[in-house]
Amino acid sequence: MQKTQLSESVAVSRIIYGLWRLTDDKDRSPSHILAKIEACLNQGITSFDQADIYGGYSSETLFGSALKTAPALRDQMEIITKCNIVTPTGVYADRRLKYYDTSQAHIQQSVDRSLREMGLEQIDLLLLHRPDPLMDAAETGAALDSLIQSGKVKALGVSNFRPFDLALLQANMTNKLVCNQIEINLQDNSALTNGDLAYLQRKNIVPMAWSPLAGGTLFNNNNPVLAERLRDMSLIYGVEPASLAVAWLLKHPSNILPVMGSNRVDRIKCFSEALSVELDRQSWYELYEAANGHEVP
Ligand SMILES: NC(=O)c1ccc[n+]([C@@H]2O[C@H](COP(=O)([O-])OP(=O)(O)OC[C@H]3O[C@@H](n4cnc5c(N)ncnc54)[C@H](OP(=O)(O)O)[C@@H]3O)[C@@H](O)[C@H]2O)c1
């Protein structure tokens with residue numbers, strides 16, 4: 001599978017596997033987690049997206065337990081994780097409410113914990129999870145830079161940042177922010193027109209799309225016109241509707257990297273099918289029109 005170079009030392013796979021829903025799976029055994037990891041690696045999906053907060057701060061621990069049973073796999077993988085959301089559960093059970101913390105102390109502590117829980121020497125890519133209204137850009141930028149300097153993290157990025165948040169943080173850093181992970185899918189496609197993707201392209205920053213299937217709701221009757229269009233086109237193309245929805249993202253010139261989230265090994269095994277689909281311009285617009293509920297102006 002094609003890789004996208006994020007920095008001198010980090011390249012990620014064109015499709016990424018996300019572990020947000022890991023704890024929704026009834027089977028959380030190391031062997032089942034390993035089966036999902038292997039289903040990814042067998043197709044060249046080598047990049048795995050975590051966050052400290054996933055599973056109420058338990059997903060990294062579970063993932064780490066699985067990796068410890070097959071340590072040779074680590075060298076074939078790129079591990080992404082995120083920090084700065086604090087919510088009163090797990091390690092932060094003593095907090096009064098959910099909030100964001102982009103202080104130097106919190107970032108350092110969170111990264112140390114992620115390394116420990118996943119049993120890693122280095123995180124390939126660290127993202128700030130959400131823009132924090134209380135972010136002191138100079139302090140946060142220095143904290144992120146120091147993680148590269150100490151070798152704990154190989155590359156840095158953000159998530160859910162608008163262009164102005166990103167520009168502010170970048171102006172306070174030495175290292176480049178190499179990616180922005182934002183919500184993009186057929187249903188939530190505002191990034192295509194609100195300047196987010198244009199800005200990332202202009203700055204040569206890679207977009208990652210979280211919930212590329214809108215959490216599976218593309219296929220239910222949230223939007224029956226879109227669900228039907230995906231079904232009809234899937235018969236023409238001879239692929240799963242999910243592959244068409246991902247191919248729709250892959251066609252965008254900004255090189256969107258979809259972060260997929262199924263817990264089903266049979267579905268994971270089909271993720272790379274999307275790469276075989278070449279949507280022509282009219283087919284791409286057919287899906288866009290169905291998603292928006294009207295033709296383009
Ligand atoms: N940065 C952020 O703020 C942020 C926010 C949200 C997510 N993320 C990242 O994005 C990743 C993906 O998010 P997501 O899980 O919402 O992605 P998704 O791929 O849009 O949705 C996956 C969900 O759709 C269901 N689904 C239904 N039909 C499916 C089909 N045909 N193929 C595949 N899945 C189908 C899956 O159920 P089954 O498990 O039963 O297949 C699963 O519950 C997360 O794991 C996380 O890494 C990041």
# chains A, B, ... in the order shown; residues from 1 in each chain; ligands from 1
call {"tool": "residues_near_ligand", "arguments": {"ligand": "ligand 1", "cutoff": "9 Å", "atoms": "only C-alpha atoms and all ligand atoms", "output": "compact mmCIF listing (two decimals) with N, CA and C atoms, in the first residue's frame"}}
result
# COMPACT_ATOMS: atom_id res chain seq x y z
N ILE A 16 -5.57 4.31 7.47
CA ILE A 16 -5.11 4.18 8.86
C ILE A 16 -6.20 3.47 9.64
N TYR A 17 -5.81 2.69 10.62
CA TYR A 17 -6.80 2.01 11.46
C TYR A 17 -6.89 2.73 12.81
N GLY A 18 -8.12 3.09 13.21
CA GLY A 18 -8.32 3.84 14.45
C GLY A 18 -8.86 2.95 15.56
N LEU A 19 -8.46 3.23 16.78
CA LEU A 19 -8.78 2.36 17.92
C LEU A 19 -9.73 2.98 18.93
N TRP A 20 -10.43 4.00 18.50
CA TRP A 20 -11.41 4.66 19.39
C TRP A 20 -12.45 3.68 19.92
N ARG A 21 -12.88 2.77 19.03
CA ARG A 21 -13.97 1.86 19.39
C ARG A 21 -13.47 0.54 19.97
N LEU A 22 -12.18 0.46 20.26
CA LEU A 22 -11.62 -0.81 20.74
C LEU A 22 -12.38 -1.37 21.94
N ASP A 24 -15.44 -0.93 22.64
CA ASP A 24 -16.84 -1.30 22.33
C ASP A 24 -16.91 -2.79 21.98
N ASP A 25 -15.77 -3.35 21.64
CA ASP A 25 -15.72 -4.75 21.22
C ASP A 25 -15.88 -5.64 22.46
N PHE A 48 -1.63 3.13 13.01
CA PHE A 48 -2.68 2.86 14.01
C PHE A 48 -2.89 4.13 14.83
N ASP A 49 -4.15 4.52 14.94
CA ASP A 49 -4.48 5.80 15.57
C ASP A 49 -5.10 5.58 16.95
N GLN A 50 -4.41 6.09 17.96
CA GLN A 50 -4.85 5.97 19.34
C GLN A 50 -5.06 7.36 19.92
N ALA A 51 -5.56 7.41 21.15
CA ALA A 51 -5.58 8.65 21.95
C ALA A 51 -5.55 8.22 23.40
N TYR A 54 -9.07 7.33 24.71
CA TYR A 54 -9.92 6.27 24.15
C TYR A 54 -10.17 5.17 25.19
N ILE A 80 0.21 6.35 16.23
CA ILE A 80 -0.22 7.74 16.40
C ILE A 80 -0.97 7.80 17.72
N THR A 81 -0.75 8.81 18.53
CA THR A 81 -1.65 9.00 19.66
C THR A 81 -1.86 10.50 19.89
N LYS A 82 -2.79 10.78 20.79
CA LYS A 82 -3.20 12.18 21.01
C LYS A 82 -3.29 12.46 22.49
N LEU A 127 -0.54 13.93 18.27
CA LEU A 127 -1.46 15.01 17.88
C LEU A 127 -2.04 15.67 19.11
N LEU A 128 -2.19 16.98 19.07
CA LEU A 128 -3.04 17.63 20.07
C LEU A 128 -4.46 17.34 19.66
N HIS A 129 -5.27 16.81 20.57
CA HIS A 129 -6.56 16.24 20.19
C HIS A 129 -7.60 17.30 19.80
N ARG A 130 -7.63 18.39 20.56
CA ARG A 130 -8.65 19.43 20.33
C ARG A 130 -8.04 20.79 20.62
N VAL A 158 -1.84 18.00 14.75
CA VAL A 158 -3.00 18.44 15.53
C VAL A 158 -4.24 17.71 15.04
N SER A 159 -5.33 17.91 15.75
CA SER A 159 -6.60 17.31 15.37
C SER A 159 -7.71 18.32 15.68
N ASN A 160 -8.68 18.40 14.81
CA ASN A 160 -9.84 19.28 15.00
C ASN A 160 -9.45 20.75 15.09
N ASN A 180 -3.29 17.34 10.22
CA ASN A 180 -4.46 17.76 10.99
C ASN A 180 -5.52 16.68 10.79
N GLN A 181 -5.92 16.04 11.88
CA GLN A 181 -6.95 14.99 11.78
C GLN A 181 -8.30 15.62 12.08
N ILE A 182 -9.16 15.66 11.05
CA ILE A 182 -10.45 16.32 11.19
C ILE A 182 -11.57 15.39 10.70
N GLU A 183 -12.79 15.75 11.03
CA GLU A 183 -13.92 14.92 10.58
C GLU A 183 -14.20 15.24 9.12
N ASN A 185 -16.31 13.20 5.92
CA ASN A 185 -16.97 12.07 5.27
C ASN A 185 -18.07 12.65 4.38
N MET A 208 -5.99 14.02 7.81
CA MET A 208 -6.51 12.68 8.11
C MET A 208 -8.00 12.87 8.35
N ALA A 209 -8.81 11.90 7.86
CA ALA A 209 -10.27 12.01 8.01
C ALA A 209 -10.74 11.04 9.08
N TRP A 210 -11.22 11.59 10.20
CA TRP A 210 -11.82 10.69 11.19
C TRP A 210 -13.29 10.42 10.87
N SER A 211 -13.76 9.26 11.31
CA SER A 211 -15.12 8.79 10.97
C SER A 211 -15.41 8.90 9.47
N PRO A 212 -14.58 8.25 8.64
CA PRO A 212 -14.79 8.36 7.19
C PRO A 212 -16.11 7.78 6.71
N LEU A 213 -16.71 6.91 7.54
CA LEU A 213 -18.05 6.36 7.19
C LEU A 213 -19.11 7.00 8.07
N ALA A 214 -18.79 8.14 8.67
CA ALA A 214 -19.70 8.81 9.61
C ALA A 214 -20.16 7.84 10.70
N GLY A 215 -19.22 7.04 11.17
CA GLY A 215 -19.52 6.08 12.23
C GLY A 215 -20.51 5.00 11.78
N GLY A 216 -20.58 4.75 10.48
CA GLY A 216 -21.47 3.71 9.94
C GLY A 216 -22.84 4.26 9.55
N THR A 217 -23.10 5.53 9.86
CA THR A 217 -24.45 6.07 9.60
C THR A 217 -24.69 6.39 8.11
N LEU A 218 -23.64 6.30 7.29
CA LEU A 218 -23.85 6.52 5.85
C LEU A 218 -24.76 5.45 5.25
N PHE A 219 -24.82 4.30 5.93
CA PHE A 219 -25.54 3.17 5.34
C PHE A 219 -26.91 2.93 5.94
N ASN A 220 -27.27 3.73 6.94
CA ASN A 220 -28.62 3.55 7.48
C ASN A 220 -29.51 4.66 6.93
N GLU A 240 -17.96 -2.94 -2.03
CA GLU A 240 -18.83 -2.61 -0.89
C GLU A 240 -19.18 -1.11 -0.90
N PRO A 241 -20.37 -0.74 -0.44
CA PRO A 241 -20.70 0.70 -0.32
C PRO A 241 -19.64 1.45 0.51
N ALA A 242 -19.10 0.80 1.54
CA ALA A 242 -18.08 1.46 2.38
C ALA A 242 -16.84 1.82 1.55
N SER A 243 -16.49 0.94 0.62
CA SER A 243 -15.30 1.21 -0.21
C SER A 243 -15.52 2.42 -1.10
N PRO A 258 -7.89 8.37 5.24
CA PRO A 258 -9.04 7.96 6.07
C PRO A 258 -8.58 7.14 7.28
N VAL A 259 -9.19 7.43 8.43
CA VAL A 259 -8.90 6.67 9.66
C VAL A 259 -10.15 5.83 9.96
N MET A 260 -10.06 4.53 9.66
CA MET A 260 -11.21 3.63 9.70
C MET A 260 -11.40 3.05 11.10
N GLY A 261 -12.67 2.68 11.43
CA GLY A 261 -12.88 2.28 12.83
C GLY A 261 -13.64 1.01 13.12
N SER A 262 -13.81 0.11 12.16
CA SER A 262 -14.59 -1.11 12.44
C SER A 262 -13.87 -2.03 13.43
N ASN A 263 -14.68 -2.75 14.22
CA ASN A 263 -14.12 -3.79 15.10
C ASN A 263 -14.22 -5.17 14.47
N ARG A 264 -14.85 -5.26 13.29
CA ARG A 264 -15.08 -6.59 12.68
C ARG A 264 -13.94 -6.95 11.74
N VAL A 265 -13.33 -8.10 12.03
CA VAL A 265 -12.17 -8.51 11.22
C VAL A 265 -12.57 -8.66 9.75
N ASP A 266 -13.78 -9.18 9.48
CA ASP A 266 -14.20 -9.33 8.07
C ASP A 266 -14.27 -7.98 7.36
N ARG A 267 -14.71 -6.96 8.07
CA ARG A 267 -14.77 -5.61 7.46
C ARG A 267 -13.37 -5.01 7.33
N ILE A 268 -12.55 -5.22 8.35
CA ILE A 268 -11.18 -4.67 8.30
C ILE A 268 -10.45 -5.24 7.07
N CYS A 270 -11.47 -5.84 4.29
CA CYS A 270 -11.92 -5.20 3.03
C CYS A 270 -11.50 -3.74 2.90
N PHE A 271 -10.84 -3.19 3.92
CA PHE A 271 -10.55 -1.74 3.89
C PHE A 271 -9.82 -1.31 2.61
call {"tool": "select_by_dssp", "arguments": {"residues": "range 82-139 of chain A", "states": "helix (DSSP H, G or I)", "output": "list of chain:residue names"}}
result
A:Gly90, A:Val91, A:Tyr92, A:Gln104, A:Ala105, A:His106, A:Ile107, A:Gln108, A:Gln109, A:Ser110, A:Val111, A:Asp112, A:Arg113, A:Ser114, A:Leu115, A:Arg116, A:Glu117, A:Met118, A:Ala137, A:Ala138, A:Glu139
call {"tool": "closest_residue", "arguments": {"among": "A:Val277, A:Leu125, A:Ala11, A:Val178", "to": "Ile205 in chain A", "atoms": "only C-alpha atoms"}}
result
A:Val178
call {"tool": "closest_residue", "arguments": {"among": "A:Arg14, A:Arg28, A:Arg162, A:Arg116", "to": "Gln43 in chain A", "atoms": "only C-alpha atoms"}}
result
A:Arg14
call {"tool": "closest_residue", "arguments": {"among": "A:Glu78, A:Asp27, A:Glu38, A:Asp232", "to": "Lys269 in chain A", "atoms": "only C-alpha atoms"}}
result
A:Glu38
call {"tool": "closest_residue", "arguments": {"among": "A:Ala137, A:Ile79, A:Ser254, A:Leu6", "to": "Ala167 in chain A", "atoms": "only C-alpha atoms"}}
result
A:Ala137
call {"tool": "closest_residue", "arguments": {"among": "A:Asn84, A:Gln108, A:Ser13, A:Gln170", "to": "Leu41 in chain A", "atoms": "only C-alpha atoms"}}
result
A:Ser13
call {"tool": "closest_residue", "arguments": {"among": "A:Thr193, A:Gln76, A:Ser103, A:Ser114", "to": "Leu62 in chain A", "atoms": "only C-alpha atoms"}}
result
A:Ser114
call {"tool": "atom_distance", "arguments": {"atom1": "CA of Gly44 in chain A", "atom2": "CA of Leu115 in chain A"}}
result
23.8 Å
call {"tool": "residues_around", "arguments": {"residues": "Thr69 in chain A", "least_positions_apart": "4", "cutoff": "10 Å", "atoms": "only C-alpha atoms", "output": "compact mmCIF listing (two decimals) with C-alpha atoms, in the first residue's frame"}}
result
# COMPACT_ATOMS: atom_id res chain seq x y z
CA PRO A 30 -4.84 -9.64 23.25
CA SER A 31 -5.36 -12.39 20.64
CA LEU A 34 -3.80 -8.93 17.42
CA GLY A 64 -0.06 -2.39 24.59
CA SER A 65 -0.98 -5.77 26.13
CA LEU A 73 5.14 -6.33 14.90
